[in-house]
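Colleague: Input entry.txt, format and content: compact mmCIF, C-alpha atoms.
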```
# COMPACT_ATOMS: atom_id res chain seq x y z
CA MET A 1 326.35 231.20 -104.59
CA LYS A 2 329.10 229.28 -106.40
CA ILE A 3 331.77 230.84 -104.16
CA GLY A 4 329.93 229.65 -101.02
CA TRP A 5 329.50 226.15 -102.44
CA LEU A 6 333.17 226.05 -103.46
CA ALA A 7 334.31 227.27 -100.03
CA GLY A 8 332.17 224.64 -98.33
CA LEU A 9 333.55 221.90 -100.53
CA CYS A 10 337.12 223.07 -99.78
CA ALA A 11 336.41 223.03 -96.04
CA VAL A 12 334.99 219.50 -96.15
CA GLY A 13 337.94 218.35 -98.23
CA ALA A 14 340.44 219.97 -95.88
CA LEU A 15 338.82 218.26 -92.89
CA ALA A 16 338.89 214.91 -94.69
CA VAL A 17 342.54 215.27 -95.66
CA GLY A 18 343.43 216.56 -92.18
CA GLY A 19 341.68 213.62 -90.56
CA ALA A 20 343.38 211.22 -92.94
CA ALA A 21 346.80 212.52 -91.92
CA LYS A 22 346.26 211.23 -88.37
CA ALA A 23 345.70 207.60 -89.34
CA ALA A 24 347.89 205.35 -91.42
CA PRO A 25 346.22 204.01 -94.56
CA GLY A 26 344.84 200.54 -94.32
CA PRO A 27 346.56 197.53 -95.83
CA VAL A 28 345.52 195.98 -99.09
CA ILE A 29 342.68 193.67 -98.11
CA PRO A 30 341.58 191.03 -100.63
CA LEU A 31 338.23 191.94 -102.20
CA VAL A 32 338.24 195.35 -100.46
CA GLY A 33 341.13 197.21 -102.09
CA SER A 34 344.16 199.30 -101.35
CA PRO A 35 344.12 202.68 -99.59
CA SER A 36 341.66 205.24 -100.90
CA GLY A 37 342.48 208.92 -101.08
CA LEU A 38 341.13 212.43 -101.42
CA SER A 39 343.07 215.22 -103.08
CA LEU A 40 342.45 218.95 -103.58
CA GLY A 41 344.21 221.22 -106.02
CA VAL A 42 343.95 223.22 -109.21
CA PHE A 43 343.07 222.45 -112.81
CA VAL A 44 345.09 224.52 -115.30
CA PRO A 45 343.38 224.14 -118.68
CA SER A 46 345.61 224.30 -121.75
CA GLY A 47 342.79 224.56 -124.29
CA SER A 48 340.83 227.72 -124.92
CA ASP A 49 337.40 226.14 -124.31
CA ALA A 50 337.84 225.41 -120.61
CA LYS A 51 340.15 228.39 -120.02
CA ASP A 52 337.85 230.98 -121.66
CA LYS A 53 334.78 229.69 -119.84
CA GLY A 54 336.21 228.70 -116.46
CA GLY A 55 339.37 230.75 -115.99
CA SER A 56 343.08 229.98 -116.23
CA THR A 57 343.07 228.15 -112.86
CA GLN A 58 340.09 226.21 -111.55
CA PHE A 59 339.26 224.24 -108.41
CA ALA A 60 339.91 220.48 -108.59
CA ALA A 61 339.05 217.64 -106.20
CA ASN A 62 339.46 213.91 -106.71
CA PHE A 63 338.49 210.79 -104.78
CA GLN A 64 340.46 207.61 -105.55
CA TYR A 65 339.53 204.06 -104.63
CA GLY A 66 342.21 201.37 -104.93
CA LEU A 67 340.80 198.15 -106.35
CA PRO A 68 341.85 194.82 -104.86
CA ILE A 69 345.09 193.46 -106.28
CA ILE A 70 344.20 191.02 -109.02
CA GLY A 71 346.56 189.22 -111.37
CA SER A 72 350.32 189.21 -111.65
CA LEU A 73 351.04 192.94 -111.22
CA GLY A 74 351.45 192.42 -107.47
CA PRO A 75 352.15 195.09 -104.84
CA LEU A 76 354.29 197.25 -107.17
CA SER A 77 351.18 198.35 -109.05
CA HIS A 78 347.69 199.48 -108.04
CA THR A 79 344.55 199.82 -110.13
CA VAL A 80 342.65 202.92 -109.04
CA ILE A 81 339.17 204.22 -109.86
CA GLY A 82 338.94 208.02 -109.67
CA LEU A 83 335.97 210.37 -109.48
CA GLY A 84 336.67 214.07 -109.52
CA VAL A 85 335.43 217.55 -110.29
CA GLU A 86 337.19 220.47 -111.97
CA THR A 87 335.19 223.67 -111.98
CA GLY A 88 335.50 227.39 -112.51
CA SER A 89 333.73 230.44 -113.91
CA LYS A 90 334.82 233.54 -115.77
CA GLY A 91 332.85 236.54 -117.02
CA GLY A 92 329.47 234.88 -116.47
CA ALA A 93 330.50 231.67 -118.24
CA HIS A 94 331.30 228.37 -116.56
CA SER A 95 333.23 225.14 -117.04
CA THR A 96 332.73 221.95 -115.04
CA VAL A 97 334.43 218.65 -115.82
CA ILE A 98 333.66 215.44 -113.91
CA PRO A 99 336.25 212.74 -114.67
CA LEU A 100 335.43 209.09 -113.99
CA THR A 101 338.67 207.21 -114.67
CA VAL A 102 340.51 203.94 -114.19
CA SER A 103 344.29 204.24 -113.77
CA GLN A 104 347.20 201.91 -113.29
CA LEU A 105 349.82 203.31 -110.89
CA PHE A 106 353.37 201.99 -110.58
CA GLY A 107 355.88 202.65 -107.83
CA ALA A 108 359.36 203.87 -108.71
CA ASN A 109 362.47 202.06 -107.39
CA ASN A 110 360.71 198.68 -107.08
CA ALA A 111 358.38 200.01 -104.37
CA SER A 112 354.63 200.20 -103.93
CA PRO A 113 352.95 203.27 -105.47
CA THR A 114 351.92 204.26 -101.92
CA ALA A 115 355.34 203.74 -100.26
CA ALA A 116 356.52 206.66 -98.11
CA GLY A 117 359.36 208.72 -99.55
CA ASN A 118 358.86 207.29 -103.02
CA ALA A 119 357.65 208.50 -106.41
CA TYR A 120 354.99 206.88 -108.54
CA TYR A 121 353.70 207.23 -112.09
CA GLY A 122 350.77 205.95 -114.08
CA VAL A 123 348.36 206.15 -116.97
CA GLY A 124 344.60 206.01 -117.15
CA ALA A 125 341.51 206.47 -119.26
CA GLY A 126 337.85 207.10 -118.69
CA LEU A 127 334.75 209.15 -119.25
CA TYR A 128 334.79 212.91 -118.76
CA PHE A 129 331.44 214.62 -118.29
CA VAL A 130 331.88 218.18 -119.59
CA ASN A 131 329.43 220.99 -118.83
CA GLN A 132 330.54 224.33 -120.27
CA SER A 133 328.71 227.45 -121.39
CA ASN A 134 327.52 226.98 -124.99
CA ILE A 135 328.27 223.21 -124.90
CA SER A 136 325.61 222.07 -122.44
CA VAL A 137 326.57 218.59 -121.24
CA ALA A 138 328.79 216.28 -123.26
CA THR A 139 330.44 212.96 -122.45
CA ARG A 140 333.98 212.63 -123.75
CA ILE A 141 336.42 209.74 -123.71
CA GLY A 142 339.83 210.84 -122.47
CA ALA A 143 343.15 209.70 -121.11
CA GLN A 144 345.67 210.89 -118.55
CA ALA A 145 349.31 210.51 -117.63
CA GLN A 146 350.34 211.20 -114.05
CA ALA A 147 353.23 211.26 -111.63
CA GLY A 148 353.43 211.93 -107.93
CA TYR A 149 355.42 211.71 -104.73
CA ASN A 150 354.48 210.19 -101.36
CA PHE A 151 355.78 212.35 -98.51
CA THR A 152 354.46 209.75 -96.05
CA SER A 153 352.26 206.71 -96.50
CA VAL A 154 349.33 209.12 -96.05
CA LEU A 155 350.33 212.51 -97.55
CA PHE A 156 351.05 212.76 -101.31
CA ALA A 157 351.36 215.28 -104.16
CA ASP A 158 350.11 214.40 -107.62
CA ALA A 159 350.33 215.97 -111.08
CA LYS A 160 348.56 214.71 -114.17
CA TYR A 161 347.83 215.86 -117.68
CA GLN A 162 344.45 214.95 -119.08
CA PHE A 163 343.77 214.61 -122.79
CA VAL A 164 340.07 215.44 -123.24
CA ASP A 165 338.23 217.30 -125.98
CA HIS A 166 337.31 220.76 -124.55
CA ALA A 167 339.12 220.01 -121.25
CA ASN A 168 342.84 219.34 -121.86
CA GLY A 169 345.14 220.47 -119.08
CA PHE A 170 347.15 219.87 -115.94
CA VAL A 171 345.70 218.94 -112.56
CA VAL A 172 348.09 219.53 -109.65
CA SER A 173 346.96 218.47 -106.18
CA VAL A 174 347.89 217.44 -102.65
CA GLY A 175 346.01 214.73 -100.83
CA GLY A 176 345.74 212.15 -98.13
CA ARG A 177 345.07 208.43 -98.08
CA PHE A 178 342.82 206.65 -95.62
```
Please render this file's structure as structure tokens.
Modeller:
Amino acid sequence: MKIGWLAGLCAVGALAVGGAAKAAPGPVIPLVGSPSGLSLGVFVPSGSDAKDKGGSTQFAANFQYGLPIIGSLGPLSHTVIGLGVETGSKGGAHSTVIPLTVSQLFGANNASPTAAGNAYYGVGAGLYFVNQSNISVATRIGAQAQAGYNFTSVLFADAKYQFVDHANGFVVSVGGRF
């Protein structure tokens, strides 16, 4: 059952990212926000809790919404709200983490964090809803550091490390903006 659900989610995500690659992301519109994005990848837990219950590599998906530019940070920085899922199972046990985060992304080389052919980096914090075998459901406060590269203004690769009780680890993904 979980495999079918996971395969369906991957297919929907692949269609969304594939469709996003055909259209350039929208401009930053006051009170609407900067380009949003969807990424798919893997969560590689570093702690034994998530690894023992969900496996050494787990499915990860993340939706990002760029908030409108407010204040003096200007176009070289974007504030992004993220909602994701990291899930896996191993030996009848399971681990699911749902991060709800706010991040500040900065473009390298005095460029926008969404500029084509450019790197970006950032930090964030938020709530992580953790559901693991023998833990039930717990809400944790966590933080993340991330870096990525924009192949085009639409296609990007992202890597982040999240610091969360029972769910520390790397998330590596590829995504598209729309």
Colleague: So how many Å separate CA of Val80 in chain A and CA of Thr114 in chain A, to one decimal?
Modeller: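 Between CA of Val80 in chain A and CA of Thr114 in chain A the gap works out to 11.8 Å.
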Colleague: Which is closer to Val85 in chain A than all the others in A:Leu67, A:Val42, A:Ala108, A:Val154, using all atoms listed in the file?
Modeller: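 Ranked by minimum distance to Val85 in chain A, first place goes to A:Val42.
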Colleague: Would you please work out which residue, of A:Ala125, A:Phe178, A:Gly47, A:Asp165, is nearest to Ile81 in chain A when using all atoms listed in the file?
Modeller: A:Ala125
Colleague: Point out the residue among A:Ala116, A:Ala159, A:Val97, A:Ile141 with the least atom-to-atom distance to Phe59 in chain A, counting only C-alpha atoms.
Modeller: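 Once distances to Phe59 in chain A are computed over only C-alpha atoms, the minimum belongs to A:Val97.
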Colleague: In Å, rounded to a single decimal, give me how far CA of Ala145 in chain A is from CA of Ala93 in chain A.
Modeller: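 The value is 28.3 Å.
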Colleague: Kindly give the distance, in Å, that separates CA of Gly41 in chain A and CA of Lys160 in chain A, rounded to a single decimal.
Modeller: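 So the answer is 11.3 Å.
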Colleague: At a cut-off of 12 Å, using all atoms listed in the file, what residues contact Val171 in chain A? Leave out same-chain residues fewer than 5 positions from it and give the result as a ChimeraX atom specification.
Modeller: /A:39-46,56-62,84-87,97,99,144-148,157-163
Colleague: Write to file, as a CSV table (one decimal), keeping the file's coordinate frame, the residues of the selection just made, with C-alpha atoms.
Modeller:
```csv
chain,number,residue,atom,x,y,z
A,39,SER,CA,343.1,215.2,-103.1
A,40,LEU,CA,342.4,219.0,-103.6
A,41,GLY,CA,344.2,221.2,-106.0
A,42,VAL,CA,344.0,223.2,-109.2
A,43,PHE,CA,343.1,222.4,-112.8
A,44,VAL,CA,345.1,224.5,-115.3
A,45,PRO,CA,343.4,224.1,-118.7
A,46,SER,CA,345.6,224.3,-121.8
A,56,SER,CA,343.1,230.0,-116.2
A,57,THR,CA,343.1,228.2,-112.9
A,58,GLN,CA,340.1,226.2,-111.6
A,59,PHE,CA,339.3,224.2,-108.4
A,60,ALA,CA,339.9,220.5,-108.6
A,61,ALA,CA,339.0,217.6,-106.2
A,62,ASN,CA,339.5,213.9,-106.7
A,84,GLY,CA,336.7,214.1,-109.5
A,85,VAL,CA,335.4,217.6,-110.3
A,86,GLU,CA,337.2,220.5,-112.0
A,87,THR,CA,335.2,223.7,-112.0
A,97,VAL,CA,334.4,218.6,-115.8
A,99,PRO,CA,336.2,212.7,-114.7
A,144,GLN,CA,345.7,210.9,-118.6
A,145,ALA,CA,349.3,210.5,-117.6
A,146,GLN,CA,350.3,211.2,-114.0
A,147,ALA,CA,353.2,211.3,-111.6
A,148,GLY,CA,353.4,211.9,-107.9
A,157,ALA,CA,351.4,215.3,-104.2
A,158,ASP,CA,350.1,214.4,-107.6
A,159,ALA,CA,350.3,216.0,-111.1
A,160,LYS,CA,348.6,214.7,-114.2
A,161,TYR,CA,347.8,215.9,-117.7
A,162,GLN,CA,344.4,215.0,-119.1
A,163,PHE,CA,343.8,214.6,-122.8
```
Colleague: Nearest to Asn118 in chain A among A:Phe170, A:Phe156, A:Tyr149, A:Tyr65, with distances taken over only C-alpha atoms: which residue is it?
Modeller: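 Ranked by minimum distance to Asn118 in chain A, first place goes to A:Tyr149.
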Colleague: If we count all atoms listed in the file and set the cut-off at 12 Å, which residues sit around Gln104 in chain A, ignoring sequence neighbours fewer than 2 positions away in its own chain? Please answer as a PyMOL selection string.
Modeller: chain A and resi 64-67+69+73-82+101-102+106-107+113+120-126+143-147
Colleague: Using all atoms listed in the file for the distances, tell me which of A:Thr96, A:Gln132, A:Ala115, A:Gly142 is nearest to Arg177 in chain A.
Modeller: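 That would be A:Ala115, the residue with the smallest distance to Arg177 in chain A.
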Colleague: Using all atoms listed in the file, which of the listed residues (A:Ser89, A:Ser95, A:Ser103, A:Ser112) sits closest to Ser153 in chain A?
Modeller: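 Closest to Ser153 in chain A, using all atoms listed in the file: A:Ser112.
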